[in-house]
Amino acid sequence: MEPYEIVIIVIASIIGLWLLLFFVDLIFVLGFFRIFKKHKKAITVVLYTKLENMRKLFSVMKQSGIKIDDRLVKILNEVNENDFADPSSAEFDKSKNALSYLKDEIMFLANQYPDLNSNIDFIQAKNNISESDLIYRNNVTMYNADVLGYNYWISFVPCGFVFKLFKLKKKQIIS
């Protein structure tokens with residue numbers, strides 16, 4: 001075998017190995033991207049559900065004759081369900097934090113009125129919010145794991161420059 005044939009075989013092997021790594025990398029990137037989009041939708045649904053249950057709590061308390069501070073009503077009215085669509089946006093954080101703040105304030109207020117614990121609508125909305133919080137935490141954990149996997153594979157050393165050429169950016173984890 002001639003030396004140039006050996007060089008061609010070595011170069012072809014290196015290119016073949018790189019292509020194999022690239023296709024494996026691409027499969028992982030697309031898989032993680034698809035999965036974390038599903039988790040992002042789940043997070044949106046959970047937060048929207050929490051918002052609706054928060055509105056129900058306010059309504060039940062108002063029907064029970066409990067005075068709710070206008071500041072809290074204003075905060076609730078400022079929460080926009082469209083803010084939940086993009087977990088990396090500032091609006092998402094603002095609305096998510098507003099819901100958590102409202103939950104804490106409403107639960108504190110509700111503890112001052114023991115009669116509310118006999119209201120079935122109040123108990124159901126309160127339990128739904130607690131379940132929403134648990135589901136939210138689980139979805140955020142899964143979303144963040146997928147984001148970490150996605151970020152790893154788009155920066156995978158042998159192939160990362162290809163993804164940079166197509167301007168794929170790293171995704172941010174959410175809290």
# chains A, B, ... in the order shown; residues from 1 in each chain; ligands from 1
>>> residues_around(residues="A:Lys56", least_positions_apart="3", cutoff="8 Å", atoms="only C-alpha atoms", output="PyMOL selection string")
chain A and resi 52-53+59-60+122+125
>>> write_last_selection(atoms="N, CA and C atoms", output="mmCIF file, in the first residue's frame")
data_model
loop_
_atom_site.group_PDB
_atom_site.id
_atom_site.type_symbol
_atom_site.label_atom_id
_atom_site.label_comp_id
_atom_site.auth_asym_id
_atom_site.auth_seq_id
_atom_site.Cartn_x
_atom_site.Cartn_y
_atom_site.Cartn_z
ATOM 1 N N GLU A 52 -56.027 30.608 37.397
ATOM 2 C CA GLU A 52 -57.485 30.442 37.439
ATOM 3 C C GLU A 52 -57.961 30.063 38.839
ATOM 4 N N ASN A 53 -57.234 29.209 39.520
ATOM 5 C CA ASN A 53 -57.603 28.843 40.890
ATOM 6 C C ASN A 53 -57.416 30.007 41.846
ATOM 7 N N SER A 59 -62.637 35.077 44.323
ATOM 8 C CA SER A 59 -64.088 35.128 44.155
ATOM 9 C C SER A 59 -64.809 34.528 45.366
ATOM 10 N N VAL A 60 -64.338 33.385 45.837
ATOM 11 C CA VAL A 60 -64.965 32.730 46.989
ATOM 12 C C VAL A 60 -64.843 33.607 48.229
ATOM 13 N N PHE A 122 -63.633 26.874 48.319
ATOM 14 C CA PHE A 122 -62.362 27.396 48.810
ATOM 15 C C PHE A 122 -61.356 26.273 49.012
ATOM 16 N N ALA A 125 -60.140 24.962 45.575
ATOM 17 C CA ALA A 125 -59.210 25.884 44.922
ATOM 18 C C ALA A 125 -57.868 25.901 45.642
#
>>> select_by_dssp(residues="stretch 16-88 of chain A", states="helix (DSSP H, G or I)", output="PyMOL selection string")
chain A and resi 16-63+70-78+81-85
>>> residues_around(residues="stretch 33-37 of chain A", least_positions_apart="5", cutoff="8 Å", atoms="only C-alpha atoms", output="JSON, numbers by chain")
{"A": [142, 143, 146, 147, 150]}
>>> closest_residue(among="A:Thr44, A:Ser64, A:Ser132, A:Ser13", to="A:Pro114", atoms="only C-alpha atoms")
A:Ser64
>>> residues_around(residues="A:Leu168", least_positions_apart="5", cutoff="12 Å", atoms="only C-alpha atoms", output="ChimeraX atom specification")
/A:29-30,33,150-151,153-155,160-163
>>> decode(residues="stretch 19-50 of chain A", atoms="N, CA, C and O atoms", output="mmCIF file, in the first residue's frame")
data_model
loop_
_atom_site.group_PDB
_atom_site.id
_atom_site.type_symbol
_atom_site.label_atom_id
_atom_site.label_comp_id
_atom_site.auth_asym_id
_atom_site.auth_seq_id
_atom_site.Cartn_x
_atom_site.Cartn_y
_atom_site.Cartn_z
ATOM 1 N N LEU A 19 -18.431 12.732 11.167
ATOM 2 C CA LEU A 19 -19.829 12.704 10.700
ATOM 3 C C LEU A 19 -20.699 11.858 11.627
ATOM 4 O O LEU A 19 -21.837 12.236 11.929
ATOM 5 N N LEU A 20 -20.169 10.728 12.076
ATOM 6 C CA LEU A 20 -20.908 9.895 13.014
ATOM 7 C C LEU A 20 -21.194 10.662 14.306
ATOM 8 O O LEU A 20 -22.330 10.680 14.791
ATOM 9 N N LEU A 21 -20.180 11.310 14.845
ATOM 10 C CA LEU A 21 -20.368 12.115 16.054
ATOM 11 C C LEU A 21 -21.366 13.243 15.816
ATOM 12 O O LEU A 21 -22.195 13.538 16.680
ATOM 13 N N PHE A 22 -21.293 13.873 14.656
ATOM 14 C CA PHE A 22 -22.214 14.972 14.352
ATOM 15 C C PHE A 22 -23.654 14.483 14.309
ATOM 16 O O PHE A 22 -24.549 15.124 14.861
ATOM 17 N N PHE A 23 -23.903 13.342 13.668
ATOM 18 C CA PHE A 23 -25.278 12.846 13.582
ATOM 19 C C PHE A 23 -25.799 12.405 14.947
ATOM 20 O O PHE A 23 -26.968 12.641 15.272
ATOM 21 N N VAL A 24 -24.939 11.807 15.758
ATOM 22 C CA VAL A 24 -25.348 11.458 17.124
ATOM 23 C C VAL A 24 -25.670 12.735 17.901
ATOM 24 O O VAL A 24 -26.693 12.823 18.586
ATOM 25 N N ASP A 25 -24.817 13.726 17.767
ATOM 26 C CA ASP A 25 -25.018 15.019 18.426
ATOM 27 C C ASP A 25 -26.333 15.652 17.972
ATOM 28 O O ASP A 25 -27.129 16.127 18.785
ATOM 29 N N LEU A 26 -26.566 15.638 16.680
ATOM 30 C CA LEU A 26 -27.789 16.232 16.123
ATOM 31 C C LEU A 26 -29.034 15.525 16.650
ATOM 32 O O LEU A 26 -30.029 16.175 16.997
ATOM 33 N N ILE A 27 -28.975 14.216 16.752
ATOM 34 C CA ILE A 27 -30.118 13.453 17.274
ATOM 35 C C ILE A 27 -30.402 13.860 18.722
ATOM 36 O O ILE A 27 -31.560 14.074 19.101
ATOM 37 N N PHE A 28 -29.356 13.989 19.529
ATOM 38 C CA PHE A 28 -29.551 14.390 20.922
ATOM 39 C C PHE A 28 -30.079 15.825 21.026
ATOM 40 O O PHE A 28 -30.976 16.104 21.826
ATOM 41 N N VAL A 29 -29.540 16.727 20.227
ATOM 42 C CA VAL A 29 -29.999 18.120 20.263
ATOM 43 C C VAL A 29 -31.479 18.199 19.901
ATOM 44 O O VAL A 29 -32.272 18.846 20.602
ATOM 45 N N LEU A 30 -31.866 17.537 18.828
ATOM 46 C CA LEU A 30 -33.273 17.571 18.408
ATOM 47 C C LEU A 30 -34.176 16.889 19.444
ATOM 48 O O LEU A 30 -35.282 17.373 19.713
ATOM 49 N N GLY A 31 -33.697 15.801 20.027
ATOM 50 C CA GLY A 31 -34.484 15.110 21.054
ATOM 51 C C GLY A 31 -34.707 15.971 22.281
ATOM 52 O O GLY A 31 -35.830 16.104 22.762
ATOM 53 N N PHE A 32 -33.641 16.575 22.786
ATOM 54 C CA PHE A 32 -33.780 17.446 23.952
ATOM 55 C C PHE A 32 -34.642 18.662 23.634
ATOM 56 O O PHE A 32 -35.440 19.089 24.462
ATOM 57 N N PHE A 33 -34.492 19.220 22.440
ATOM 58 C CA PHE A 33 -35.284 20.385 22.053
ATOM 59 C C PHE A 33 -36.770 20.044 22.047
ATOM 60 O O PHE A 33 -37.596 20.791 22.574
ATOM 61 N N ARG A 34 -37.101 18.896 21.472
ATOM 62 C CA ARG A 34 -38.499 18.469 21.398
ATOM 63 C C ARG A 34 -39.064 18.224 22.799
ATOM 64 O O ARG A 34 -40.176 18.646 23.120
ATOM 65 N N ILE A 35 -38.278 17.586 23.651
ATOM 66 C CA ILE A 35 -38.753 17.264 24.992
ATOM 67 C C ILE A 35 -38.924 18.518 25.843
ATOM 68 O O ILE A 35 -39.923 18.671 26.542
ATOM 69 N N PHE A 36 -37.958 19.436 25.799
ATOM 70 C CA PHE A 36 -38.120 20.603 26.679
ATOM 71 C C PHE A 36 -39.197 21.540 26.164
ATOM 72 O O PHE A 36 -39.769 22.302 26.943
ATOM 73 N N LYS A 37 -39.551 21.477 24.883
ATOM 74 C CA LYS A 37 -40.713 22.247 24.413
ATOM 75 C C LYS A 37 -41.994 21.709 25.042
ATOM 76 O O LYS A 37 -42.879 22.482 25.407
ATOM 77 N N LYS A 38 -42.077 20.391 25.199
ATOM 78 C CA LYS A 38 -43.251 19.798 25.856
ATOM 79 C C LYS A 38 -43.326 20.221 27.319
ATOM 80 O O LYS A 38 -44.397 20.536 27.822
ATOM 81 N N HIS A 39 -42.171 20.223 27.985
ATOM 82 C CA HIS A 39 -42.165 20.637 29.388
ATOM 83 C C HIS A 39 -42.491 22.124 29.527
ATOM 84 O O HIS A 39 -43.130 22.527 30.499
ATOM 85 N N LYS A 40 -42.064 22.913 28.556
ATOM 86 C CA LYS A 40 -42.389 24.339 28.582
ATOM 87 C C LYS A 40 -43.903 24.535 28.468
ATOM 88 O O LYS A 40 -44.488 25.347 29.189
ATOM 89 N N LYS A 41 -44.549 23.767 27.606
ATOM 90 C CA LYS A 41 -46.009 23.847 27.482
ATOM 91 C C LYS A 41 -46.690 23.396 28.769
ATOM 92 O O LYS A 41 -47.685 23.992 29.197
ATOM 93 N N ALA A 42 -46.152 22.358 29.386
ATOM 94 C CA ALA A 42 -46.735 21.875 30.642
ATOM 95 C C ALA A 42 -46.629 22.935 31.733
ATOM 96 O O ALA A 42 -47.573 23.138 32.501
ATOM 97 N N ILE A 43 -45.495 23.615 31.793
ATOM 98 C CA ILE A 43 -45.314 24.687 32.776
ATOM 99 C C ILE A 43 -46.322 25.802 32.533
ATOM 100 O O ILE A 43 -46.916 26.332 33.474
ATOM 101 N N THR A 44 -46.539 26.133 31.272
ATOM 102 C CA THR A 44 -47.515 27.172 30.930
ATOM 103 C C THR A 44 -48.907 26.783 31.395
ATOM 104 O O THR A 44 -49.622 27.592 32.000
ATOM 105 N N VAL A 45 -49.292 25.533 31.159
ATOM 106 C CA VAL A 45 -50.624 25.060 31.559
ATOM 107 C C VAL A 45 -50.765 25.073 33.080
ATOM 108 O O VAL A 45 -51.795 25.502 33.619
ATOM 109 N N VAL A 46 -49.728 24.641 33.783
ATOM 110 C CA VAL A 46 -49.790 24.592 35.250
ATOM 111 C C VAL A 46 -49.939 25.999 35.828
ATOM 112 O O VAL A 46 -50.755 26.230 36.726
ATOM 113 N N LEU A 47 -49.170 26.940 35.307
ATOM 114 C CA LEU A 47 -49.272 28.310 35.826
ATOM 115 C C LEU A 47 -50.615 28.952 35.466
ATOM 116 O O LEU A 47 -51.171 29.711 36.260
ATOM 117 N N TYR A 48 -51.122 28.641 34.296
ATOM 118 C CA TYR A 48 -52.445 29.152 33.929
ATOM 119 C C TYR A 48 -53.506 28.571 34.870
ATOM 120 O O TYR A 48 -54.403 29.290 35.325
ATOM 121 N N THR A 49 -53.391 27.297 35.179
ATOM 122 C CA THR A 49 -54.326 26.659 36.115
ATOM 123 C C THR A 49 -54.231 27.307 37.495
ATOM 124 O O THR A 49 -55.247 27.552 38.149
ATOM 125 N N LYS A 50 -53.004 27.581 37.919
ATOM 126 C CA LYS A 50 -52.816 28.231 39.220
ATOM 127 C C LYS A 50 -53.455 29.620 39.219
ATOM 128 O O LYS A 50 -54.087 30.010 40.201
#
